[in-house]
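Enquirer: Got a structure for you, questions after.
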Amino acid sequence: MPDLLDGLNPQQQAAVTLPPVSALILAGAGSGKTRVLTTRIAWLLQTGQASAHNILAVTFTNKAAREMQTRLTAMLPMSPRDLWIGTFHGLSNRLLRTHHAAAGLPRLFQILDQADQLAGIKRMLKAMQVDTDRFDPRKVQQYINQNKENGLRADRAETGDPWNRRMAELHAAWDEQCQREGVVDFAELLLRSNELLERHPEIREHYRTRFHHVLIDEFQDTNRLQYRWLKQFAGEHSALMAVGDDDQSIYAFRGAHSGNMLDFQREFAREHLIRLEQNYRSQGNILDAANALIGNNPGRLGKTLWTAAGQGEPIRVLEALDDQQEARFVCERALALQGEGQALSDIAVLYRSNAQSRVLEHALFSAGIPYRVHGGLRFFERQEIRHALAYLRLLAHADDDSAFLRVVNFPTRGIGARTLEQLDATARAHGCSLWQACTYTDAKPGGRGLGGFVTLIDTLREHTRGLALPEIIEHTLHASGLIEHYRSEKEGQDRLDNLDELVQSARVFLQDEHYVPSDDVLSDFLALASLEAGNHAADAGQDALQLMTVHAAKGLEFGTVFLTGLEEGLFPGEQSLNERHGIEEERRLMYVAITRARKLLYLSLARVRMLHGQTRYGIPSRFLDEIPPGLMRPAVTAAEPVATAHAVARPTDAATARSATPAWPPGMSVRHPKFGIGVILRAEGGADDARVQVRFGREHGEKWLALAYARLEPITAGQ
DNA sequence: CATGTCTCCATTTTT
DNA sequence: TGGAGACATG
């Protein structure tokens with residue numbers, strides 16, 4: 001048998017062969033984190049220290065869970081069905097299904113994804129006649145989820161002022177509505193399973209004795225509730241292994257609390273901290289840049305990446321005149337790299353915010369370069385899929401009001417707002433679901449309107465009884481009229497294809513070797529559809545350039561990375577300046593971006609950019625100044641002389657060639673002895689009385705300065 | 001009930 | 001700038 005430890009460096013080996021104690025593994029970017037995690041499990045199994053039954057492995061994304069599973073299956077000649085590997089939400093779901101009675105849930109509870117939840121909240125606010133100007137549904141949703149993610153029930157939420165009090169009431173009302181409808185939102189999955197274990201010592205003990213080893217990936221991304229959840233499994237004899245990287249914590253905005261790492265170290269792993277610092281991904285210059293940059297963050301656990309590979313290419317920096325030039329530069333370089341034999345799919349173009357992709361896409365499209373944008377609509381989020389799922393949800397559980405409302409009149413069958421209002425009133429009067437309320441109305445079964453709908457669902461349920469899942473779906477698609485509807489729609493072919501794919505996905509689902517069927521396969525499938533929204537859109541297959549946000553790039557790697565839009569106000573983003581540890585979070589984001597590149601890293605910025613329909617003049621991101629200049633070198637393009645902005649715009653140049661470019665063109669960066677660095681917004685006046693408007697940082701704002709007096713000097717990036 | 005028009009508003013996102 | 005959601009109109 002090949003030795004599992006072959007090819008592991010000493011730190012990796014140490015982590016893998018740790019005795020059964022709790023430990024914190026500080027795993028830098030590209031340090032073989034997943035490999036360590038899976039090898040640890042394999043090692044535990046192979047040395048007979050644990051059986052698959054004893055292991056719980058928790059990840060954040062389904063993708064990570066799958067990857068771990070796949071790698072394990074490859075390492076060990078076994079089908080690891082006994083192994084509990086999954087996401088926090090997936091595992092919570094499993095717990096709640098198993099112990100639904102103890103958790104106070106119906107056997108076939110449904111899971112609401114983010115969109116379902118929002119729709120449900122809107123519905124609730126309307127029913128309660130809440131002023132949605134004062135209580136924005138999204139805010140309410142945020143509030144509820146934030147409470148839950150901090151482990152708080154509505155009755156323990158802060159009620160200092162009237163607004164908070166009202167919010168807490170809405171939170172309570174939401175939980176009641178969910179309970180009534182037998183549905184559970186994402187945060188509730190966690191909170192409810194947490195409470196299940198807290199309130200039922202016998203169940204908790206069962207799992208504590210079962211799981212000797214609990215492993216957690218991406219620990220820096222856990223929120224407070226997730227940490228608490230994990231601790232439920234920490235019995236006397238369990239060993240917790242948390243793997244993470246505080247420098248890659250970029251999800252604070254959605255509740256991630258990287259302080260959990262410090263807490264974990266204090267509570268569980270005082271003596272066992274292992275650093276994985278050897279990087280197997282990037283070349284030296286790239287790592288040096290990353291290390292230097294992140295070194296500016298205070299309060300790190302501390303870690304310095306190094307590589308046995310050489311220094312590699314210098315980092316290339318482009319200062320484009322505007323966003324279009326920046327985009328053209330990317331096209332040009334991408335084509336050149338492709339010409340040198342690099343696959344487009346191994347090249348990524350990264351940006352801070354999605355809005356920046358448009359210019360890039362436009363340029364790529366014009367240049368005929370195939371590209372793929374990550375982050376669009378996902379499979380299970382498509383309208384037609386959601387409609388189909390709503391029918392299926394009604395089959396499984398007719399009291400699901402969200403599902404009911406989504407399809408009661410889709411395709412249209414003459415059920416208008418008035419009918420629904422009455423139905424809703426009936427439902428509230430009887431304290432029942434909309435579905436049950438139908439029985440109180442005088443709708444004639446089989447006719448048009450409500451009666452017809454009820455008959456439709458009833459016969460559908462009858463006709464699909466006993467059928468296999470794909471057939472159930474197939475039948476539902478036809479009987480509901482969805483197929484017919486999209487067939488008559490002119491742009492409907494794509495949607496029909498997607499509906500076909502839904503049936504196909506059910507087949508794949510059943511064949512998955514890791515799938516552990518429960519007594520209700522349809523509910524299992526619906527849970528999957530909620531918990532795993534599927535791949536992001538955009539057609540795969542073809543070799544294409546990869547466009548995505550820096551967030552979306554986390555965990556990925558590319559031979560070449562273009563990191564675009566490195567301007568103050570964009571990256572770091574404007575609003576991060578006002579947030580508590582905003583700049584540090586942005587810096588970590590930058591760190592993540594840099595460490596995606598294996599060989600070539602391009603950093604680019606545009607002096608002028610269209611943003612929200614307005615022209616913005618930017619100055620280079622402060623992060624550029626945090627990278628040692630020796631690692632960088634200006635990028636040169638073949639087609640255009642590059643044109644760093646100041647080469648064209650320098651006042652001295654302008655003095656000789658006086659017409660074309662003004663001496664102090666908008667967009668130029670300047671330094672003022674008192675106000676610091678700013679950017680020219682506009683200029684006016686003649687030779688003697690010339691004035692310029694300059695935007696400085698937060699404290700000084702925008703100012704008009706007379707050139708004759710103000711000691712302004714032009715500056716360039718990196719100074 | 002579908003379609004057009006207007007207004008508002010813009011980080012990052014997984015489950 | 002442009003997309004999404006709210007409202008009005010045929």
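Labels used: A, B, ... for chains in the order of the structure tokens, numbers from 1 for residues in each chain, and numbers from 1 for ligands as shown.
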Taking the chain letters and numbering used in this document, name the residues of segment 389-464 of chain A that DSSP puts in helix (DSSP H, G or I), as a ChimeraX atom specification.
Expert: /A:389-396,401-407,417-430,434-438,449-464
Enquirer: Hey, list the chain C side of the contact with chain A: 12 Å cut-off, only C-alpha atoms (C1' of nucleotides), answer as number ranges by chain.
Expert: C: 1-3
Enquirer: Take the residues just selected and output them with N, CA, C and O atoms (P, O5', C5', C4', C3', O3' and C1' of nucleotides) as an mmCIF file, in the first residue's frame.
Expert:
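What landed in again00.cif:
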data_model
loop_
_atom_site.group_PDB
_atom_site.id
_atom_site.type_symbol
_atom_site.label_atom_id
_atom_site.label_comp_id
_atom_site.auth_asym_id
_atom_site.auth_seq_id
_atom_site.Cartn_x
_atom_site.Cartn_y
_atom_site.Cartn_z
ATOM 1 P P DT C 1 -25.351 57.615 -20.293
ATOM 2 O "O5'" DT C 1 -24.839 56.137 -19.991
ATOM 3 C "C5'" DT C 1 -23.676 55.834 -19.284
ATOM 4 C "C4'" DT C 1 -23.797 54.376 -18.874
ATOM 5 C "C3'" DT C 1 -24.999 53.669 -19.484
ATOM 6 O "O3'" DT C 1 -24.514 52.437 -19.999
ATOM 7 C "C1'" DT C 1 -25.128 53.615 -17.102
ATOM 8 P P DG C 2 -25.473 51.358 -20.542
ATOM 9 O "O5'" DG C 2 -26.043 50.721 -19.189
ATOM 10 C "C5'" DG C 2 -25.746 49.392 -18.843
ATOM 11 C "C4'" DG C 2 -26.778 48.961 -17.841
ATOM 12 C "C3'" DG C 2 -28.126 48.592 -18.468
ATOM 13 O "O3'" DG C 2 -28.641 47.497 -17.756
ATOM 14 C "C1'" DG C 2 -28.478 50.153 -16.830
ATOM 15 P P DG C 3 -28.962 46.174 -18.367
ATOM 16 O "O5'" DG C 3 -29.228 45.207 -17.136
ATOM 17 C "C5'" DG C 3 -28.523 45.363 -15.913
ATOM 18 C "C4'" DG C 3 -29.492 45.414 -14.750
ATOM 19 C "C3'" DG C 3 -30.809 44.694 -15.027
ATOM 20 O "O3'" DG C 3 -30.945 43.669 -14.066
ATOM 21 C "C1'" DG C 3 -31.198 46.893 -14.163
#
Enquirer: Which residues are near DT15 of chain B? Cut-off 7 Å, only C-alpha atoms (C1' of nucleotides), ignore same chain within fewer than 3 positions. Put them as a short mmCIF file (atom, residue, chain, number, x, y, z; two decimals) with N, CA and C atoms, in the first residue's frame.
Expert:
data_model
loop_
_atom_site.label_atom_id
_atom_site.label_comp_id
_atom_site.auth_asym_id
_atom_site.auth_seq_id
_atom_site.Cartn_x
_atom_site.Cartn_y
_atom_site.Cartn_z
N HIS A 89 -24.89 23.25 6.75
CA HIS A 89 -26.33 23.20 6.50
C HIS A 89 -26.78 21.80 6.12
N PHE A 186 -32.37 28.94 6.11
CA PHE A 186 -30.99 28.45 6.25
C PHE A 186 -30.45 28.58 7.67
N LEU A 531 -30.38 23.46 -0.85
CA LEU A 531 -29.07 23.57 -0.22
C LEU A 531 -27.95 23.75 -1.23
#
Enquirer: Using only C-alpha atoms (C1' of nucleotides), find each residue in chain B having at least one atom no more than 12 Å away from chain A; report its shortest atom-to-atom pair and that distance in Å (one decimal), rows by chain then rising number, as CSV.
Expert:
residue,atom,partner,partner_atom,distance
B:DC1,C1',A:Gly416,CA,8.8
B:DA2,C1',A:Thr412,CA,11.6
B:DC9,C1',A:His612,CA,9.4
B:DA10,C1',A:His612,CA,7.3
B:DT11,C1',A:Ser353,CA,6.0
B:DT12,C1',A:His551,CA,6.4
B:DT13,C1',A:Arg254,CA,7.7
B:DT14,C1',A:Thr61,CA,6.7
B:DT15,C1',A:Leu531,CA,5.8
Enquirer: Any chance you could list, as a VMD selection string, the residues in segment 55-114 of chain A that come up strand (DSSP E or B) when DSSP is run on the backbone?
Expert: chain A and resid 55 to 59 84 to 87 110 to 112
Enquirer: Calculate how many Å separate atom CA of Leu502 of chain A from atom CA of Gly86 of chain A, rounding to one decimal.
Expert: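 Separating atom CA of Leu502 of chain A from atom CA of Gly86 of chain A is a distance of 22.8 Å.
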Enquirer: Find the spatial neighbours of Val130 of chain A, counting only C-alpha atoms (C1' of nucleotides), within a cut-off of 12 Å - ignore same-chain residues fewer than 4 positions away - and output them as a CSV table (one decimal) with all heavy atoms, in the first residue's frame.
Expert:
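File produced: result31.csv:
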chain,number,residue,atom,x,y,z
A,121,ILE,N,-41.1,36.6,3.8
A,121,ILE,CA,-41.1,37.8,4.7
A,121,ILE,C,-42.0,38.9,4.1
A,121,ILE,O,-42.7,39.5,4.8
A,121,ILE,CB,-39.6,38.3,4.9
A,121,ILE,CG1,-38.9,37.3,5.8
A,121,ILE,CG2,-39.6,39.7,5.6
A,121,ILE,CD1,-37.4,37.6,6.1
A,122,LYS,N,-41.9,39.1,2.8
A,122,LYS,CA,-42.7,40.1,2.2
A,122,LYS,C,-44.2,39.8,2.4
A,122,LYS,O,-45.0,40.7,2.7
A,122,LYS,CB,-42.4,40.2,0.7
A,122,LYS,CG,-41.2,40.9,0.3
A,122,LYS,CD,-41.0,41.0,-1.2
A,122,LYS,CE,-39.7,41.7,-1.6
A,122,LYS,NZ,-39.3,41.5,-3.0
A,123,ARG,N,-44.5,38.6,2.2
A,123,ARG,CA,-45.8,38.1,2.4
A,123,ARG,C,-46.3,38.4,3.8
A,123,ARG,O,-47.4,38.9,4.1
A,123,ARG,CB,-45.9,36.6,2.1
A,123,ARG,CG,-47.2,36.0,2.1
A,123,ARG,CD,-47.2,34.7,1.2
A,123,ARG,NE,-46.1,33.8,1.4
A,123,ARG,CZ,-46.1,32.9,2.4
A,123,ARG,NH1,-47.1,32.9,3.3
A,123,ARG,NH2,-45.1,32.1,2.6
A,124,MET,N,-45.4,38.1,4.7
A,124,MET,CA,-45.8,38.3,6.1
A,124,MET,C,-46.0,39.7,6.5
A,124,MET,O,-47.0,40.1,7.1
A,124,MET,CB,-44.6,37.7,7.0
A,124,MET,CG,-44.8,38.0,8.5
A,124,MET,SD,-43.4,37.5,9.5
A,124,MET,CE,-42.3,39.0,9.3
A,125,LEU,N,-45.1,40.6,6.0
A,125,LEU,CA,-45.2,42.0,6.2
A,125,LEU,C,-46.5,42.6,5.7
A,125,LEU,O,-47.1,43.4,6.3
A,125,LEU,CB,-44.0,42.8,5.6
A,125,LEU,CG,-42.6,42.4,6.3
A,125,LEU,CD1,-41.5,43.2,5.6
A,125,LEU,CD2,-42.6,42.7,7.8
A,126,LYS,N,-46.9,42.1,4.5
A,126,LYS,CA,-48.1,42.5,3.9
A,126,LYS,C,-49.3,42.1,4.8
A,126,LYS,O,-50.2,42.9,5.1
A,126,LYS,CB,-48.2,41.9,2.5
A,126,LYS,CG,-49.2,42.7,1.6
A,126,LYS,CD,-49.0,42.2,0.2
A,126,LYS,CE,-50.0,42.9,-0.7
A,126,LYS,NZ,-50.0,42.3,-2.1
A,134,ARG,N,-40.6,51.9,6.3
A,134,ARG,CA,-39.8,51.9,7.6
A,134,ARG,C,-39.1,50.5,7.8
A,134,ARG,O,-38.1,50.4,8.4
A,134,ARG,CB,-40.7,52.2,8.7
A,134,ARG,CG,-40.9,53.7,9.0
A,134,ARG,CD,-41.9,54.0,10.1
A,134,ARG,NE,-41.6,53.2,11.3
A,134,ARG,CZ,-40.7,53.6,12.2
A,134,ARG,NH1,-40.1,54.8,12.1
A,134,ARG,NH2,-40.5,52.9,13.3
A,135,PHE,N,-39.8,49.5,7.4
A,135,PHE,CA,-39.3,48.1,7.6
A,135,PHE,C,-39.1,47.4,6.3
A,135,PHE,O,-39.9,46.6,5.9
A,135,PHE,CB,-40.2,47.4,8.6
A,135,PHE,CG,-40.3,48.0,9.9
A,135,PHE,CD1,-41.3,48.9,10.3
A,135,PHE,CD2,-39.3,47.7,10.9
A,135,PHE,CE1,-41.3,49.4,11.5
A,135,PHE,CE2,-39.4,48.3,12.2
A,135,PHE,CZ,-40.4,49.2,12.5
A,136,ASP,N,-38.0,47.7,5.7
A,136,ASP,CA,-37.7,47.2,4.4
A,136,ASP,C,-37.5,45.6,4.5
A,136,ASP,O,-36.8,45.2,5.4
A,136,ASP,CB,-36.3,47.8,3.9
A,136,ASP,CG,-35.8,47.1,2.7
A,136,ASP,OD1,-36.6,46.8,1.8
A,136,ASP,OD2,-34.6,47.0,2.5
A,137,PRO,N,-38.2,44.9,3.7
A,137,PRO,CA,-38.2,43.4,3.8
A,137,PRO,C,-36.7,42.9,3.8
A,137,PRO,O,-36.5,41.9,4.6
A,137,PRO,CB,-38.8,43.0,2.5
A,137,PRO,CG,-39.8,44.1,2.1
A,137,PRO,CD,-39.1,45.3,2.6
A,140,VAL,N,-35.4,43.4,7.2
A,140,VAL,CA,-36.0,42.5,8.2
A,140,VAL,C,-35.3,41.1,8.0
A,140,VAL,O,-35.0,40.5,9.0
A,140,VAL,CB,-37.5,42.4,7.9
A,140,VAL,CG1,-38.1,41.3,8.8
A,140,VAL,CG2,-38.2,43.7,8.1
A,166,ARG,N,-39.7,46.4,17.5
A,166,ARG,CA,-40.6,46.0,16.4
A,166,ARG,C,-39.9,44.9,15.6
A,166,ARG,O,-40.6,44.0,15.1
A,166,ARG,CB,-40.9,47.3,15.5
A,166,ARG,CG,-41.9,47.0,14.4
A,166,ARG,CD,-43.3,46.8,15.0
A,166,ARG,NE,-44.3,46.7,13.9
A,166,ARG,CZ,-45.2,45.8,13.9
A,166,ARG,NH1,-45.4,44.9,14.8
A,166,ARG,NH2,-46.1,45.8,12.9
A,167,MET,N,-38.6,45.1,15.3
A,167,MET,CA,-37.9,44.1,14.5
A,167,MET,C,-38.0,42.8,15.2
A,167,MET,O,-38.2,41.8,14.6
A,167,MET,CB,-36.4,44.6,14.4
A,167,MET,CG,-36.2,45.6,13.3
A,167,MET,SD,-36.8,45.1,11.7
A,167,MET,CE,-35.3,45.3,10.7
A,169,GLU,N,-40.2,41.7,17.1
A,169,GLU,CA,-41.6,41.2,17.0
A,169,GLU,C,-41.7,40.5,15.6
A,169,GLU,O,-42.3,39.4,15.4
A,169,GLU,CB,-42.6,42.3,17.0
A,169,GLU,CG,-43.0,42.7,18.5
A,169,GLU,CD,-43.8,44.0,18.5
A,169,GLU,OE1,-44.5,44.3,17.5
A,169,GLU,OE2,-43.8,44.7,19.5
A,170,LEU,N,-41.2,41.2,14.6
A,170,LEU,CA,-41.3,40.7,13.2
A,170,LEU,C,-40.5,39.3,13.2
A,170,LEU,O,-40.9,38.4,12.5
A,170,LEU,CB,-40.7,41.7,12.2
A,170,LEU,CG,-41.5,43.0,12.1
A,170,LEU,CD1,-40.8,43.9,11.2
A,170,LEU,CD2,-42.9,42.7,11.6
A,173,ALA,N,-42.6,36.8,14.6
A,173,ALA,CA,-43.7,36.4,13.7
A,173,ALA,C,-43.3,35.6,12.6
A,173,ALA,O,-44.0,34.7,12.1
A,173,ALA,CB,-44.4,37.7,13.2
Enquirer: Just how far from atom CA of Leu287 of chain A is atom CA of Leu305 of chain A, in Å to one decimal?
Expert: 6.5 Å
Enquirer: Please list as a list in words every residue within 12 Å of DC6 of chain B, counting only C-alpha atoms (C1' of nucleotides) and excluding residues in the same chain fewer than 3 positions away.
Expert: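 Residues meeting the cut-off are DA4, DG5, DA6, DC7 and DA8 of chain C.
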Enquirer: Suppose you want the space between atom CA of Ala290 of chain A and atom CA of Pro628 of chain A; what is it in Å?
Expert: 10.0 Å
Enquirer: Which residues are close to Ser238 of chain A, i.e. within 8 Å by only C-alpha atoms (C1' of nucleotides), leaving aside same-chain residues fewer than 4 positions away? Reply as a PyMOL selection string.
Expert: chain A and resi 20-22+208-209+211-214+233-234
Enquirer: For the residues in the current selection, export all heavy atoms as a PDB file, in the first residue's frame.
Expert:
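Ended up saving to out16.pdb:
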ATOM      1  N   PRO A  20      -4.821  11.888  18.804  1.00  0.00           N
ATOM      2  CA  PRO A  20      -6.199  12.365  18.900  1.00  0.00           C
ATOM      3  C   PRO A  20      -6.333  13.511  19.889  1.00  0.00           C
ATOM      4  O   PRO A  20      -6.843  13.353  20.980  1.00  0.00           O
ATOM      5  CB  PRO A  20      -6.986  11.141  19.356  1.00  0.00           C
ATOM      6  CG  PRO A  20      -5.984  10.182  19.869  1.00  0.00           C
ATOM      7  CD  PRO A  20      -4.670  10.515  19.308  1.00  0.00           C
ATOM      8  N   VAL A  21      -5.860  14.672  19.478  1.00  0.00           N
ATOM      9  CA  VAL A  21      -6.014  15.880  20.290  1.00  0.00           C
ATOM     10  C   VAL A  21      -6.583  16.962  19.396  1.00  0.00           C
ATOM     11  O   VAL A  21      -6.513  16.867  18.189  1.00  0.00           O
ATOM     12  CB  VAL A  21      -4.657  16.372  20.832  1.00  0.00           C
ATOM     13  CG1 VAL A  21      -4.099  15.412  21.852  1.00  0.00           C
ATOM     14  CG2 VAL A  21      -3.686  16.586  19.676  1.00  0.00           C
ATOM     15  N   SER A  22      -7.132  17.983  20.019  1.00  0.00           N
ATOM     16  CA  SER A  22      -7.635  19.093  19.228  1.00  0.00           C
ATOM     17  C   SER A  22      -6.471  19.953  18.760  1.00  0.00           C
ATOM     18  O   SER A  22      -5.484  20.123  19.467  1.00  0.00           O
ATOM     19  CB  SER A  22      -8.596  19.934  20.051  1.00  0.00           C
ATOM     20  OG  SER A  22      -9.778  19.196  20.268  1.00  0.00           O
ATOM     21  N   ARG A 208     -21.681  12.690  20.476  1.00  0.00           N
ATOM     22  CA  ARG A 208     -20.370  12.927  21.075  1.00  0.00           C
ATOM     23  C   ARG A 208     -19.578  11.635  21.220  1.00  0.00           C
ATOM     24  O   ARG A 208     -18.372  11.613  21.049  1.00  0.00           O
ATOM     25  CB  ARG A 208     -20.513  13.590  22.445  1.00  0.00           C
ATOM     26  CG  ARG A 208     -20.838  15.050  22.329  1.00  0.00           C
ATOM     27  CD  ARG A 208     -20.744  15.749  23.666  1.00  0.00           C
ATOM     28  NE  ARG A 208     -20.932  17.173  23.501  1.00  0.00           N
ATOM     29  CZ  ARG A 208     -20.916  18.053  24.493  1.00  0.00           C
ATOM     30  NH1 ARG A 208     -20.730  17.636  25.732  1.00  0.00           N
ATOM     31  NH2 ARG A 208     -21.084  19.321  24.252  1.00  0.00           N
ATOM     32  N   THR A 209     -20.271  10.575  21.556  1.00  0.00           N
ATOM     33  CA  THR A 209     -19.545   9.313  21.666  1.00  0.00           C
ATOM     34  C   THR A 209     -19.240   8.748  20.282  1.00  0.00           C
ATOM     35  O   THR A 209     -18.260   8.053  20.102  1.00  0.00           O
ATOM     36  CB  THR A 209     -20.340   8.256  22.461  1.00  0.00           C
ATOM     37  OG1 THR A 209     -21.696   8.676  22.529  1.00  0.00           O
ATOM     38  CG2 THR A 209     -19.777   8.086  23.838  1.00  0.00           C
ATOM     39  N   PHE A 211     -18.670  10.550  17.320  1.00  0.00           N
ATOM     40  CA  PHE A 211     -17.636  11.254  16.561  1.00  0.00           C
ATOM     41  C   PHE A 211     -16.397  11.518  17.409  1.00  0.00           C
ATOM     42  O   PHE A 211     -16.352  12.437  18.210  1.00  0.00           O
ATOM     43  CB  PHE A 211     -18.191  12.580  16.031  1.00  0.00           C
ATOM     44  CG  PHE A 211     -19.302  12.410  15.052  1.00  0.00           C
ATOM     45  CD1 PHE A 211     -20.521  13.051  15.228  1.00  0.00           C
ATOM     46  CD2 PHE A 211     -19.135  11.599  13.932  1.00  0.00           C
ATOM     47  CE1 PHE A 211     -21.549  12.891  14.316  1.00  0.00           C
ATOM     48  CE2 PHE A 211     -20.168  11.435  13.016  1.00  0.00           C
ATOM     49  CZ  PHE A 211     -21.378  12.079  13.207  1.00  0.00           C
ATOM     50  N   HIS A 212     -15.391  10.702  17.203  1.00  0.00           N
ATOM     51  CA  HIS A 212     -14.137  10.923  17.921  1.00  0.00           C
ATOM     52  C   HIS A 212     -13.327  12.024  17.268  1.00  0.00           C
ATOM     53  O   HIS A 212     -12.476  12.641  17.876  1.00  0.00           O
ATOM     54  CB  HIS A 212     -13.308   9.640  17.954  1.00  0.00           C
ATOM     55  CG  HIS A 212     -14.009   8.500  18.619  1.00  0.00           C
ATOM     56  ND1 HIS A 212     -13.500   7.231  18.650  1.00  0.00           N
ATOM     57  CD2 HIS A 212     -15.198   8.448  19.291  1.00  0.00           C
ATOM     58  CE1 HIS A 212     -14.331   6.433  19.295  1.00  0.00           C
ATOM     59  NE2 HIS A 212     -15.365   7.142  19.693  1.00  0.00           N
ATOM     60  N   HIS A 213     -13.584  12.196  15.988  1.00  0.00           N
ATOM     61  CA  HIS A 213     -12.798  13.193  15.254  1.00  0.00           C
ATOM     62  C   HIS A 213     -13.722  14.130  14.486  1.00  0.00           C
ATOM     63  O   HIS A 213     -14.531  13.690  13.679  1.00  0.00           O
ATOM     64  CB  HIS A 213     -11.848  12.512  14.274  1.00  0.00           C
ATOM     65  CG  HIS A 213     -10.757  11.768  14.965  1.00  0.00           C
ATOM     66  ND1 HIS A 213      -9.579  12.351  15.363  1.00  0.00           N
ATOM     67  CD2 HIS A 213     -10.685  10.472  15.364  1.00  0.00           C
ATOM     68  CE1 HIS A 213      -8.824  11.456  15.965  1.00  0.00           C
ATOM     69  NE2 HIS A 213      -9.471  10.298  15.979  1.00  0.00           N
ATOM     70  N   VAL A 214     -13.581  15.404  14.770  1.00  0.00           N
ATOM     71  CA  VAL A 214     -14.357  16.409  14.059  1.00  0.00           C
ATOM     72  C   VAL A 214     -13.373  17.314  13.326  1.00  0.00           C
ATOM     73  O   VAL A 214     -12.471  17.882  13.944  1.00  0.00           O
ATOM     74  CB  VAL A 214     -15.213  17.242  15.031  1.00  0.00           C
ATOM     75  CG1 VAL A 214     -16.043  18.268  14.264  1.00  0.00           C
ATOM     76  CG2 VAL A 214     -16.113  16.334  15.852  1.00  0.00           C
ATOM     77  N   PHE A 233     -20.392  18.973  19.441  1.00  0.00           N
ATOM     78  CA  PHE A 233     -19.841  17.650  19.155  1.00  0.00           C
ATOM     79  C   PHE A 233     -18.546  17.380  19.910  1.00  0.00           C
ATOM     80  O   PHE A 233     -17.966  16.313  19.789  1.00  0.00           O
ATOM     81  CB  PHE A 233     -19.592  17.499  17.654  1.00  0.00           C
ATOM     82  CG  PHE A 233     -20.856  17.558  16.855  1.00  0.00           C
ATOM     83  CD1 PHE A 233     -21.258  18.738  16.248  1.00  0.00           C
ATOM     84  CD2 PHE A 233     -21.668  16.435  16.722  1.00  0.00           C
ATOM     85  CE1 PHE A 233     -22.432  18.801  15.523  1.00  0.00           C
ATOM     86  CE2 PHE A 233     -22.848  16.494  16.006  1.00  0.00           C
ATOM     87  CZ  PHE A 233     -23.231  17.673  15.410  1.00  0.00           C
ATOM     88  N   ALA A 234     -18.110  18.388  20.657  1.00  0.00           N
ATOM     89  CA  ALA A 234     -16.842  18.240  21.348  1.00  0.00           C
ATOM     90  C   ALA A 234     -17.050  17.586  22.703  1.00  0.00           C
ATOM     91  O   ALA A 234     -17.287  18.253  23.697  1.00  0.00           O
ATOM     92  CB  ALA A 234     -16.172  19.601  21.503  1.00  0.00           C
TER      93      ALA A 234
END
